[in-house]
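Peer 1: Take a look at structure32.cif, mmCIF, C-alpha atoms and all ligand atoms:
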```cif
data_model
loop_
_atom_site.label_atom_id
_atom_site.label_comp_id
_atom_site.auth_asym_id
_atom_site.auth_seq_id
_atom_site.Cartn_x
_atom_site.Cartn_y
_atom_site.Cartn_z
CA MET A 1 60.10 -55.15 -5.57
CA THR A 2 57.16 -52.98 -6.59
CA ILE A 3 56.53 -49.73 -4.86
CA ASP A 4 53.11 -48.14 -4.90
CA ASN A 5 53.50 -44.44 -5.42
CA PRO A 6 52.26 -42.22 -2.64
CA LYS A 7 49.11 -40.41 -3.72
CA THR A 8 50.04 -36.78 -4.09
CA PRO A 9 47.28 -34.31 -3.22
CA THR A 10 47.10 -30.76 -4.61
CA VAL A 11 47.87 -29.39 -1.16
CA ALA A 12 49.01 -30.85 2.16
CA LEU A 13 48.31 -29.46 5.62
CA GLY A 14 51.08 -28.27 7.94
CA THR A 15 50.94 -28.28 11.72
CA TRP A 16 54.15 -26.64 12.94
CA ALA A 17 52.12 -23.85 14.59
CA TRP A 18 50.10 -26.51 16.43
CA GLY A 19 53.19 -27.17 18.52
CA ASP A 20 52.96 -23.73 20.16
CA SER A 21 51.68 -23.59 23.70
CA GLY A 22 48.47 -21.87 22.62
CA LYS A 23 49.21 -18.71 24.57
CA ALA A 24 49.04 -15.55 22.45
CA GLY A 25 52.47 -14.17 21.59
CA ASP A 26 54.24 -17.28 22.87
CA GLY A 27 56.20 -19.82 20.83
CA TYR A 28 57.29 -19.94 17.21
CA PHE A 29 54.07 -18.56 15.73
CA GLY A 30 52.45 -16.86 18.70
CA SER A 31 48.94 -17.66 17.47
CA ALA A 32 46.35 -18.40 20.11
CA LEU A 33 45.25 -21.88 19.00
CA THR A 34 42.76 -23.90 20.98
CA ARG A 35 41.96 -27.58 20.85
CA VAL A 36 38.35 -26.78 19.87
CA GLY A 37 39.57 -24.49 17.09
CA LEU A 38 41.89 -27.16 15.72
CA GLU A 39 39.05 -29.71 15.79
CA GLU A 40 37.13 -27.34 13.53
CA VAL A 41 40.13 -27.06 11.20
CA VAL A 42 40.28 -30.84 10.93
CA GLU A 43 36.54 -31.14 10.37
CA ARG A 44 36.63 -28.55 7.59
CA ALA A 45 39.64 -30.22 5.97
CA HIS A 46 38.04 -33.65 6.14
CA ALA A 47 34.85 -32.35 4.56
CA ALA A 48 36.82 -30.58 1.80
CA GLY A 49 38.89 -33.70 1.02
CA PHE A 50 42.31 -32.50 2.26
CA THR A 51 43.77 -35.49 4.03
CA LEU A 52 47.58 -35.34 4.17
CA TRP A 53 48.83 -33.91 7.48
CA ASP A 54 52.46 -32.94 7.97
CA THR A 55 54.06 -32.74 11.40
CA ALA A 56 57.37 -33.48 13.15
CA MET A 57 58.46 -34.54 16.60
CA VAL A 58 60.31 -31.24 17.01
CA TYR A 59 57.17 -29.11 16.45
CA GLY A 60 56.66 -28.18 20.09
CA MET A 61 58.72 -31.26 21.06
CA GLY A 62 55.82 -33.68 20.62
CA ARG A 63 52.97 -31.22 21.16
CA SER A 64 51.99 -30.93 17.48
CA GLU A 65 51.96 -34.72 17.00
CA THR A 66 49.95 -35.24 20.18
CA VAL A 67 47.21 -32.76 19.34
CA LEU A 68 47.08 -33.88 15.70
CA GLY A 69 46.67 -37.54 16.69
CA ASP A 70 44.03 -36.54 19.18
CA VAL A 71 41.87 -34.48 16.84
CA LEU A 72 42.13 -37.01 14.01
CA LYS A 73 41.18 -40.04 16.07
CA ARG A 74 37.45 -39.63 15.44
CA TYR A 75 38.06 -40.51 11.76
CA PRO A 76 38.90 -43.95 10.36
CA ARG A 77 42.68 -44.22 9.89
CA GLY A 78 42.21 -44.80 6.16
CA ASP A 79 40.57 -41.38 5.80
CA TYR A 80 43.79 -39.43 6.35
CA GLN A 81 47.53 -39.70 5.80
CA LEU A 82 50.25 -38.79 8.29
CA SER A 83 53.63 -37.35 7.44
CA THR A 84 56.21 -36.92 10.20
CA LYS A 85 59.96 -36.64 10.46
CA PHE A 86 63.18 -37.91 11.96
CA THR A 87 65.25 -34.90 13.02
CA PRO A 88 68.93 -35.91 13.24
CA GLN A 89 69.76 -32.99 15.56
CA ALA A 90 67.33 -34.41 18.12
CA ALA A 91 68.46 -38.04 17.77
CA GLY A 92 68.75 -40.13 20.93
CA SER A 93 71.75 -42.29 21.80
CA GLY A 94 70.15 -45.75 21.39
CA ALA A 95 71.19 -48.38 18.82
CA ASP A 96 68.68 -47.09 16.26
CA PRO A 97 67.73 -43.46 16.96
CA VAL A 98 65.55 -43.31 13.80
CA ALA A 99 63.42 -46.28 14.83
CA ASP A 100 63.24 -44.90 18.37
CA MET A 101 62.03 -41.47 17.23
CA LEU A 102 59.48 -43.11 14.94
CA GLU A 103 58.11 -45.26 17.80
CA GLN A 104 57.63 -42.17 19.93
CA SER A 105 55.89 -40.38 17.06
CA LEU A 106 53.59 -43.37 16.46
CA ALA A 107 52.63 -43.38 20.14
CA ARG A 108 51.86 -39.66 20.14
CA LEU A 109 49.94 -39.87 16.87
CA GLY A 110 48.03 -42.92 18.12
CA THR A 111 48.74 -45.02 15.04
CA GLY A 112 50.65 -48.10 13.97
CA TYR A 113 52.15 -46.56 10.81
CA VAL A 114 52.90 -43.30 9.07
CA ASP A 115 52.27 -42.74 5.39
CA LEU A 116 55.37 -40.61 4.88
CA TYR A 117 58.51 -40.49 7.00
CA TRP A 118 61.17 -37.88 6.30
CA ILE A 119 64.76 -37.28 7.18
CA HIS A 120 64.15 -33.72 8.34
CA ASN A 121 67.54 -32.35 7.32
CA PRO A 122 70.76 -33.69 5.89
CA ALA A 123 73.00 -33.93 8.96
CA ASP A 124 74.78 -36.97 7.50
CA VAL A 125 73.08 -38.63 4.52
CA GLN A 126 75.30 -41.75 4.56
CA ARG A 127 74.64 -42.30 8.21
CA TRP A 128 70.88 -41.71 8.51
CA THR A 129 69.34 -42.76 5.18
CA PRO A 130 69.99 -46.53 5.59
CA HIS A 131 67.90 -46.53 8.79
CA LEU A 132 64.80 -45.92 6.67
CA ILE A 133 65.12 -49.29 4.93
CA ALA A 134 64.16 -51.47 7.92
CA LEU A 135 61.27 -49.12 8.71
CA LEU A 136 59.93 -49.49 5.15
CA GLU A 137 60.31 -53.26 5.38
CA SER A 138 58.48 -53.33 8.71
CA GLY A 139 55.44 -51.58 7.22
CA LYS A 140 55.51 -48.91 9.94
CA VAL A 141 56.54 -46.44 7.25
CA LYS A 142 54.74 -46.59 3.91
CA HIS A 143 56.84 -44.07 2.00
CA VAL A 144 59.98 -42.04 2.64
CA GLY A 145 61.21 -38.61 1.71
CA VAL A 146 64.03 -36.20 2.36
CA SER A 147 63.71 -32.59 3.46
CA ASN A 148 66.15 -29.68 3.19
CA HIS A 149 68.54 -31.86 1.16
CA ASN A 150 70.36 -30.30 -1.79
CA LEU A 151 70.46 -32.03 -5.18
CA ARG A 152 73.64 -33.97 -4.46
CA GLU A 153 72.22 -35.17 -1.13
CA ILE A 154 68.90 -36.17 -2.69
CA GLU A 155 70.77 -38.20 -5.32
CA LEU A 156 72.90 -39.84 -2.65
CA ALA A 157 69.86 -40.74 -0.55
CA ASN A 158 68.20 -42.11 -3.69
CA ARG A 159 71.24 -44.31 -4.40
CA ILE A 160 71.35 -45.65 -0.85
CA LEU A 161 67.64 -46.50 -0.87
CA GLY A 162 67.89 -47.82 -4.43
CA GLU A 163 70.42 -50.47 -3.39
CA ALA A 164 67.69 -51.92 -1.14
CA GLY A 165 64.97 -51.67 -3.80
CA PHE A 166 63.44 -48.45 -2.49
CA ARG A 167 63.78 -44.82 -3.51
CA VAL A 168 63.26 -41.25 -2.41
CA GLU A 169 59.53 -40.86 -2.92
CA ALA A 170 59.16 -37.22 -1.98
CA VAL A 171 61.22 -34.09 -1.46
CA GLN A 172 60.22 -31.29 0.95
CA ASN A 173 61.94 -27.91 0.87
CA HIS A 174 61.27 -24.26 1.62
CA TYR A 175 59.82 -22.82 -1.57
CA SER A 176 57.84 -19.64 -1.98
CA LEU A 177 57.72 -16.55 -4.19
CA LEU A 178 60.39 -15.09 -1.90
CA TYR A 179 62.56 -18.18 -1.65
CA ARG A 180 63.15 -20.04 -4.89
CA SER A 181 66.49 -21.70 -4.14
CA SER A 182 65.22 -25.21 -4.95
CA GLU A 183 64.11 -24.02 -8.37
CA ASN A 184 67.40 -22.22 -9.03
CA ALA A 185 69.40 -25.27 -7.91
CA GLY A 186 67.56 -27.56 -10.34
CA ILE A 187 65.73 -29.56 -7.65
CA LEU A 188 62.27 -28.91 -9.09
CA ASP A 189 63.45 -30.05 -12.53
CA TYR A 190 65.11 -33.12 -11.02
CA CYS A 191 61.93 -34.05 -9.15
CA ARG A 192 59.82 -33.56 -12.28
CA ASP A 193 62.20 -35.70 -14.36
CA GLN A 194 62.31 -38.46 -11.75
CA GLY A 195 58.58 -38.37 -11.02
CA ILE A 196 59.23 -37.40 -7.39
CA PRO A 197 56.59 -35.13 -5.81
CA PHE A 198 58.13 -31.87 -4.61
CA PHE A 199 56.46 -30.56 -1.45
CA ALA A 200 56.88 -26.81 -0.88
CA TYR A 201 56.85 -25.63 2.70
CA MET A 202 56.35 -22.02 3.87
CA VAL A 203 54.72 -20.88 0.63
CA LEU A 204 53.05 -18.18 2.76
CA GLU A 205 56.30 -17.30 4.56
CA GLN A 206 54.63 -18.02 7.89
CA GLY A 207 51.88 -15.51 7.21
CA ALA A 208 54.00 -12.67 5.76
CA LEU A 209 52.61 -13.31 2.25
CA THR A 210 48.96 -13.50 3.25
CA GLY A 211 48.40 -9.74 3.21
CA LYS A 212 46.96 -10.04 6.72
CA TYR A 213 50.09 -8.63 8.35
CA SER A 214 51.37 -5.07 7.83
CA LEU A 215 53.21 -2.32 9.67
CA GLU A 216 49.89 -1.46 11.34
CA ASN A 217 49.11 -5.10 12.12
CA PRO A 218 52.44 -6.93 12.56
CA LEU A 219 52.99 -10.62 13.28
CA PRO A 220 52.35 -11.53 16.94
CA GLU A 221 54.74 -9.75 19.25
CA GLY A 222 57.17 -12.07 21.03
CA SER A 223 56.94 -14.86 18.44
CA ASN A 224 59.92 -16.11 16.43
CA ARG A 225 58.20 -15.40 13.13
CA ALA A 226 57.69 -11.76 14.17
CA GLN A 227 61.44 -11.42 14.60
CA THR A 228 62.04 -12.77 11.11
CA TYR A 229 59.34 -10.99 9.16
CA ASN A 230 58.15 -7.82 10.89
CA GLY A 231 61.20 -5.88 9.73
CA MET A 232 60.48 -6.70 6.07
CA LEU A 233 56.72 -6.14 5.90
CA SER A 234 57.01 -2.72 4.23
CA ARG A 235 59.28 -4.18 1.52
CA LEU A 236 56.72 -6.94 0.91
CA LYS A 237 53.78 -4.59 0.46
CA PRO A 238 53.97 -4.20 -3.36
CA LEU A 239 53.98 -8.01 -3.63
CA THR A 240 51.14 -8.61 -1.17
CA ASP A 241 49.13 -5.83 -2.83
CA LYS A 242 49.58 -7.58 -6.19
CA LEU A 243 48.63 -10.95 -4.70
CA ASP A 244 45.53 -9.30 -3.33
CA ALA A 245 44.68 -7.64 -6.65
CA ILE A 246 45.04 -10.90 -8.58
CA GLY A 247 43.00 -12.64 -5.90
CA HIS A 248 40.26 -10.06 -6.39
CA LYS A 249 39.92 -11.03 -10.07
CA HIS A 250 39.38 -14.65 -9.02
CA GLY A 251 37.11 -14.03 -6.04
CA ALA A 252 40.02 -15.12 -3.86
CA GLN A 253 42.51 -13.76 -1.37
CA ALA A 254 46.22 -12.94 -1.45
CA ALA A 255 47.17 -16.17 0.36
CA ASP A 256 45.20 -18.27 -2.15
CA VAL A 257 47.19 -16.70 -5.00
CA ALA A 258 50.56 -17.36 -3.30
CA ILE A 259 49.50 -21.01 -2.94
CA ALA A 260 48.21 -21.15 -6.54
CA TRP A 261 51.59 -19.81 -7.72
CA ALA A 262 53.39 -22.75 -6.07
CA ILE A 263 50.92 -25.24 -7.55
CA ALA A 264 51.49 -23.69 -11.00
CA LYS A 265 55.23 -24.27 -10.54
CA GLY A 266 54.57 -27.98 -10.13
CA ALA A 267 54.90 -28.08 -6.34
CA THR A 268 52.58 -29.49 -3.70
CA PRO A 269 52.32 -26.77 -1.05
CA ILE A 270 52.24 -27.78 2.60
CA VAL A 271 50.21 -24.97 4.10
CA GLY A 272 50.27 -24.31 7.83
CA VAL A 273 46.55 -24.10 8.58
CA THR A 274 45.45 -22.56 11.86
CA GLN A 275 41.84 -21.47 11.14
CA PRO A 276 38.91 -23.32 9.52
CA ARG A 277 38.65 -20.55 6.92
CA HIS A 278 42.18 -21.36 5.75
CA ILE A 279 40.77 -24.62 4.38
CA ASP A 280 38.36 -22.65 2.17
CA GLY A 281 41.44 -20.81 0.89
CA LEU A 282 43.04 -24.10 -0.11
CA THR A 283 39.94 -25.06 -2.07
CA ARG A 284 40.00 -21.71 -3.89
CA ALA A 285 43.76 -21.95 -4.53
CA GLY A 286 43.25 -25.26 -6.32
CA THR A 287 40.96 -23.61 -8.87
CA ILE A 288 42.97 -20.46 -9.69
CA MET A 289 44.71 -20.51 -13.07
CA LEU A 290 47.34 -17.76 -13.07
CA SER A 291 48.28 -16.18 -16.39
CA ARG A 292 51.89 -16.18 -17.57
CA ASP A 293 51.94 -12.41 -17.07
CA ASP A 294 50.66 -12.66 -13.52
CA MET A 295 53.28 -15.30 -12.69
CA ALA A 296 56.06 -13.15 -14.14
CA GLU A 297 54.87 -10.01 -12.40
CA LEU A 298 54.62 -11.75 -9.03
CA GLU A 299 58.14 -13.13 -9.38
CA ALA A 300 59.50 -9.72 -10.40
CA LEU A 301 57.87 -8.06 -7.38
CA ALA A 302 59.20 -10.83 -5.13
CA ASP A 303 62.72 -10.29 -6.47
CA GLY A 304 62.25 -6.54 -6.10
CA ALA A 305 61.51 -6.95 -2.38
CA ASP A 306 65.09 -8.14 -2.07
CA VAL A 307 64.66 -10.03 1.19
CA ASN A 308 66.27 -13.25 2.35
CA THR A 309 63.84 -15.53 4.17
CA ARG A 310 66.13 -18.53 4.53
CA GLY A 311 65.31 -20.26 7.82
CA TRP A 312 68.02 -20.63 10.46
CA TRP A 313 67.83 -24.41 9.97
CA GLU A 314 68.33 -24.18 6.19
CA LYS A 315 71.52 -24.04 4.20
CA GLU A 316 72.16 -22.72 0.69
CA MET A 317 70.93 -25.16 -1.95
N1 LIG B 401 60.76 -29.65 6.60
C1 LIG B 401 60.97 -28.53 7.22
O1 LIG B 401 62.10 -28.21 7.62
C2 LIG B 401 59.80 -27.60 7.45
C3 LIG B 401 60.08 -26.28 7.84
C4 LIG B 401 58.99 -25.42 7.97
C5 LIG B 401 57.69 -25.86 7.75
N2 LIG B 401 57.47 -27.17 7.42
C6 LIG B 401 56.09 -27.68 7.22
O2 LIG B 401 55.41 -26.82 6.33
C7 LIG B 401 54.25 -26.30 6.96
C8 LIG B 401 53.97 -24.90 6.45
O3 LIG B 401 54.92 -23.98 6.93
P1 LIG B 401 54.56 -22.93 8.08
O4 LIG B 401 53.39 -23.42 8.84
O5 LIG B 401 55.82 -22.69 8.81
O6 LIG B 401 54.24 -21.60 7.30
P2 LIG B 401 53.22 -21.17 6.12
O7 LIG B 401 52.40 -22.28 5.63
O8 LIG B 401 54.02 -20.38 5.15
O9 LIG B 401 52.32 -20.10 6.91
C9 LIG B 401 51.43 -20.54 7.88
C10 LIG B 401 50.72 -19.33 8.50
O10 LIG B 401 50.02 -18.60 7.49
C11 LIG B 401 48.72 -18.25 7.94
N3 LIG B 401 47.77 -18.88 7.00
C12 LIG B 401 47.70 -20.18 6.65
N4 LIG B 401 46.75 -20.38 5.70
C13 LIG B 401 46.22 -19.17 5.45
C14 LIG B 401 45.20 -18.71 4.56
N5 LIG B 401 44.57 -19.53 3.71
N6 LIG B 401 44.90 -17.41 4.57
C15 LIG B 401 45.53 -16.55 5.38
N7 LIG B 401 46.51 -16.93 6.24
C16 LIG B 401 46.85 -18.22 6.27
C17 LIG B 401 48.61 -18.72 9.39
O11 LIG B 401 49.00 -17.61 10.19
P3 LIG B 401 48.03 -17.03 11.32
O12 LIG B 401 47.78 -18.16 12.29
O13 LIG B 401 48.80 -15.91 11.90
O14 LIG B 401 46.76 -16.61 10.61
C18 LIG B 401 49.68 -19.79 9.48
O15 LIG B 401 50.24 -19.95 10.75
C19 LIG B 401 54.56 -26.39 8.47
O16 LIG B 401 53.38 -26.28 9.25
C20 LIG B 401 55.26 -27.71 8.50
O17 LIG B 401 54.32 -28.77 8.45
C21 LIG B 401 58.52 -28.01 7.23
#
```
So, in terms of structure tokens, how does the structure I just supplied come out?
Ligand SMILES: NC(=O)c1ccc[n+]([C@@H]2O[C@H](COP(=O)([O-])OP(=O)(O)OC[C@H]3O[C@@H](n4cnc5c(N)ncnc54)[C@H](OP(=O)(O)O)[C@@H]3O)[C@@H](O)[C@H]2O)c1

Peer 2:
Amino acid sequence: MTIDNPKTPTVALGTWAWGDSGKAGDGYFGSALTRVGLEEVVERAHAAGFTLWDTAMVYGMGRSETVLGDVLKRYPRGDYQLSTKFTPQAAGSGADPVADMLEQSLARLGTGYVDLYWIHNPADVQRWTPHLIALLESGKVKHVGVSNHNLREIELANRILGEAGFRVEAVQNHYSLLYRSSENAGILDYCRDQGIPFFAYMVLEQGALTGKYSLENPLPEGSNRAQTYNGMLSRLKPLTDKLDAIGHKHGAQAADVAIAWAIAKGATPIVGVTQPRHIDGLTRAGTIMLSRDDMAELEALADGADVNTRGWWEKEM
């Protein structure tokens, strides 16, 4: 069986924050996002040629998928790619919980297929991976990937899919200057060797690496990300100042440099975009060539911050 490789863009677009209720301070991100504002984000992304959108049923329990499907529907389906996920922890009790969750996602997204379908985390690789095979055969899923899996689990998933003539076509893990566990565990090398695109999520640490947030201007009060990051903002300042200074040399911003760092490491960042201007940042990030010295200095400052940003849903790699 031949498998056409998924086209890997320089950057993909994340929509976890789109699952928030939209009320300031409320939800995971606490950003005040409006439907009109998100339409503008999509328009800007479409015009700039960024077309791969990442979501999951659990982002606002359907809310992110619903709004994403809604704002994309004005474009021909072939103009964009959809990536969504099966989350084992939220599985139903039917005969095929993976197929059931996919059907619900398709309905919310208003489409007959998704370009990439992920097992969101490795609750039980033997149990859940085989469910992907029928979905690939049905054509409702074009490509499959695994997220938050360690190297052993990725290899196991690859073996299970391989027996049916398929393979793991993408890996998606938390990877940022502050959180390099996938690199240290050899997952980036494995992906490079196997020709598997490695998607890096939270390269901006949910805004903490953008330089926008500081002791004077903390992350939105009442949000989950504020609880995680507000207490470490002063430790991050030398790093965000350096990101900003490097950005200055390139006519860019701190966030663009953090994204460019991940691209330079061979990853495809999935960036959680909430404002049209964030799309301009992605365009800039794709053009920044960081020097070896800049890369080393950024990593040293990140290590010096000595913070652990592992998400509550993540395990050691
Ligand atoms: N597989 C998994 O388990 C998993 C887990 C987490 C995330 N993900 C995926 O990865 C995506 C990215 O992660 P994330 O959204 O959690 O965090 P992120 O990309 O690290 O940060 C997103 C936040 O950074 C700010 N931002 C984004 N672009 C910016 C720019 N160019 N300049 C300045 N600020 C910018 C926005 O904050 P403000 O709105 O405050 O400006 C935004 O909410 C998610 O949306 C999701 O699709 C997957």

Peer 1: List the neighbours of Glu314 in chain A out to 8 Å using all atoms listed in the file; skip same-chain residues closer than 3 positions along the sequence, and give me the result as a PyMOL selection string.

Peer 2: chain A and resi 148+310-311

Peer 1: Could you state the separation of CA of Leu116 in chain A and CA of Thr84 in chain A in Å, given to one decimal place?

Peer 2: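 One can read the CA of Leu116 in chain A to CA of Thr84 in chain A distance as 6.5 Å.
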
Peer 1: Taking all atoms listed in the file into account, which residues have an atom no farther than 7 Å from ligand LIG 401 (chain B)? I'd like them as an MDAnalysis selection string.

Peer 2: chainID A and resid 13:17 29 31 54:55 120:121 147:148 172:174 201:207 210 212 219 255:256 270:275 277:279 281:282

Peer 1: So that I can check the surroundings of range 97-112 of chain A, please list as a PyMOL selection string every protein, DNA and RNA residue that reaches within 10 Å of it, counting only C-alpha atoms and ignoring chain neighbours fewer than 2 positions away.

Peer 2: chain A and resi 55-57+62-73+77+82+84-88+90-95+114+117+119+128-132+134-135+139-141

Peer 1: Interatomic distance between CA of Ile154 in chain A and CA of Ser181 in chain A?

Peer 2: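 Separation of CA of Ile154 in chain A and CA of Ser181 in chain A: 14.7 Å.
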
Peer 1: Residues around (42.6, -14.1, -7.9), cut-off 12 Å, counting all atoms listed in the file - what are they as JSON, numbers by chain?

Peer 2: {"A": [241, 242, 243, 244, 245, 246, 247, 248, 249, 250, 251, 252, 253, 254, 255, 256, 257, 258, 259, 260, 261, 281, 284, 285, 286, 287, 288, 289, 290, 291, 294, 295]}

Peer 1: Restrict the selected residues to C-alpha atoms and save them as a PDB file, in the coordinates of the input.

Peer 2:
```
ATOM      1  CA  ASP A 241      49.130  -5.830  -2.830  1.00  0.00           C
ATOM      2  CA  LYS A 242      49.580  -7.580  -6.190  1.00  0.00           C
ATOM      3  CA  LEU A 243      48.630 -10.950  -4.700  1.00  0.00           C
ATOM      4  CA  ASP A 244      45.530  -9.300  -3.330  1.00  0.00           C
ATOM      5  CA  ALA A 245      44.680  -7.640  -6.650  1.00  0.00           C
ATOM      6  CA  ILE A 246      45.040 -10.900  -8.580  1.00  0.00           C
ATOM      7  CA  GLY A 247      43.000 -12.640  -5.900  1.00  0.00           C
ATOM      8  CA  HIS A 248      40.260 -10.060  -6.390  1.00  0.00           C
ATOM      9  CA  LYS A 249      39.920 -11.030 -10.070  1.00  0.00           C
ATOM     10  CA  HIS A 250      39.380 -14.650  -9.020  1.00  0.00           C
ATOM     11  CA  GLY A 251      37.110 -14.030  -6.040  1.00  0.00           C
ATOM     12  CA  ALA A 252      40.020 -15.120  -3.860  1.00  0.00           C
ATOM     13  CA  GLN A 253      42.510 -13.760  -1.370  1.00  0.00           C
ATOM     14  CA  ALA A 254      46.220 -12.940  -1.450  1.00  0.00           C
ATOM     15  CA  ALA A 255      47.170 -16.170   0.360  1.00  0.00           C
ATOM     16  CA  ASP A 256      45.200 -18.270  -2.150  1.00  0.00           C
ATOM     17  CA  VAL A 257      47.190 -16.700  -5.000  1.00  0.00           C
ATOM     18  CA  ALA A 258      50.560 -17.360  -3.300  1.00  0.00           C
ATOM     19  CA  ILE A 259      49.500 -21.010  -2.940  1.00  0.00           C
ATOM     20  CA  ALA A 260      48.210 -21.150  -6.540  1.00  0.00           C
ATOM     21  CA  TRP A 261      51.590 -19.810  -7.720  1.00  0.00           C
ATOM     22  CA  GLY A 281      41.440 -20.810   0.890  1.00  0.00           C
ATOM     23  CA  ARG A 284      40.000 -21.710  -3.890  1.00  0.00           C
ATOM     24  CA  ALA A 285      43.760 -21.950  -4.530  1.00  0.00           C
ATOM     25  CA  GLY A 286      43.250 -25.260  -6.320  1.00  0.00           C
ATOM     26  CA  THR A 287      40.960 -23.610  -8.870  1.00  0.00           C
ATOM     27  CA  ILE A 288      42.970 -20.460  -9.690  1.00  0.00           C
ATOM     28  CA  MET A 289      44.710 -20.510 -13.070  1.00  0.00           C
ATOM     29  CA  LEU A 290      47.340 -17.760 -13.070  1.00  0.00           C
ATOM     30  CA  SER A 291      48.280 -16.180 -16.390  1.00  0.00           C
ATOM     31  CA  ASP A 294      50.660 -12.660 -13.520  1.00  0.00           C
ATOM     32  CA  MET A 295      53.280 -15.300 -12.690  1.00  0.00           C
TER      33      MET A 295
END
```

Peer 1: Neighbouring residues of Asn224 in chain A were defined as those with any atom within 8 Å, considering all atoms listed in the file; residues of the same chain fewer than 6 positions away were excluded. Please report them as a list in words.

Peer 2: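 Selected residues are Gly27, Tyr28, Phe29 and Gly30 of chain A.
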
Peer 1: Looking at A:Val42, A:Ile160, A:Val307, A:Ala200, which one is nearest to Arg74 in chain A, with distances taken over all atoms listed in the file?

Peer 2: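 Of A:Val42, A:Ile160, A:Val307, A:Ala200, the one nearest Arg74 in chain A is A:Val42, counting all atoms listed in the file.
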
Peer 1: Please produce, as JSON lines, a per-residue contact table for range 111-225 of chain A versus range 297-306 of chain A (criterion: any atom at most 10 Å away, all atoms listed in the file considered), showing the nearest atom pair and its distance in Å to one decimal, sorted by chain then residue number.

Peer 2:
```
{"residue": "A:Ser176", "atom": "CA", "partner": "A:Ala302", "partner_atom": "CA", "distance": 9.5}
{"residue": "A:Leu177", "atom": "CA", "partner": "A:Ala302", "partner_atom": "CA", "distance": 6.0}
{"residue": "A:Leu178", "atom": "CA", "partner": "A:Ala302", "partner_atom": "CA", "distance": 5.5}
{"residue": "A:Tyr179", "atom": "CA", "partner": "A:Ala302", "partner_atom": "CA", "distance": 8.8}
{"residue": "A:Arg180", "atom": "CA", "partner": "A:Glu299", "partner_atom": "CA", "distance": 9.6}
```

Peer 1: Could the residues in this selection be saved with C-alpha atoms as a compact mmCIF listing (two decimals), keeping the file's coordinate frame?

Peer 2:
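selection22.txt, freshly written:
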```txt
# COMPACT_ATOMS: atom_id res chain seq x y z
CA SER A 176 57.84 -19.64 -1.98
CA LEU A 177 57.72 -16.55 -4.19
CA LEU A 178 60.39 -15.09 -1.90
CA TYR A 179 62.56 -18.18 -1.65
CA ARG A 180 63.15 -20.04 -4.89
```

Peer 1: Which residue gives the smallest distance to Ala164 in chain A among A:His143, A:Asp115, A:Ile133, A:Phe50, with all atoms listed in the file counted?

Peer 2: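 Between A:His143, A:Asp115, A:Ile133, A:Phe50, the residue approaching Ala164 in chain A most closely is A:Ile133.
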
Peer 1: Taking only C-alpha atoms into account, name the residue in A:Asp189, A:Pro197, A:Ser83, A:Val11 that is nearest to Ala48 in chain A.

Peer 2: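 Going through A:Asp189, A:Pro197, A:Ser83, A:Val11 one by one, the smallest distance to Ala48 in chain A is for A:Val11.
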
Peer 1: Would you compute the distance between CA of Leu188 in chain A and CA of Gly266 in chain A? Give it in Å to one decimal.

Peer 2: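 Going from CA of Leu188 in chain A over to CA of Gly266 in chain A covers 7.8 Å.
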
Peer 1: Using only C-alpha atoms for the distances, tell me which of A:Leu209, A:Met317, A:Ala32, A:Val41 is nearest to Glu153 in chain A.

Peer 2: A:Met317
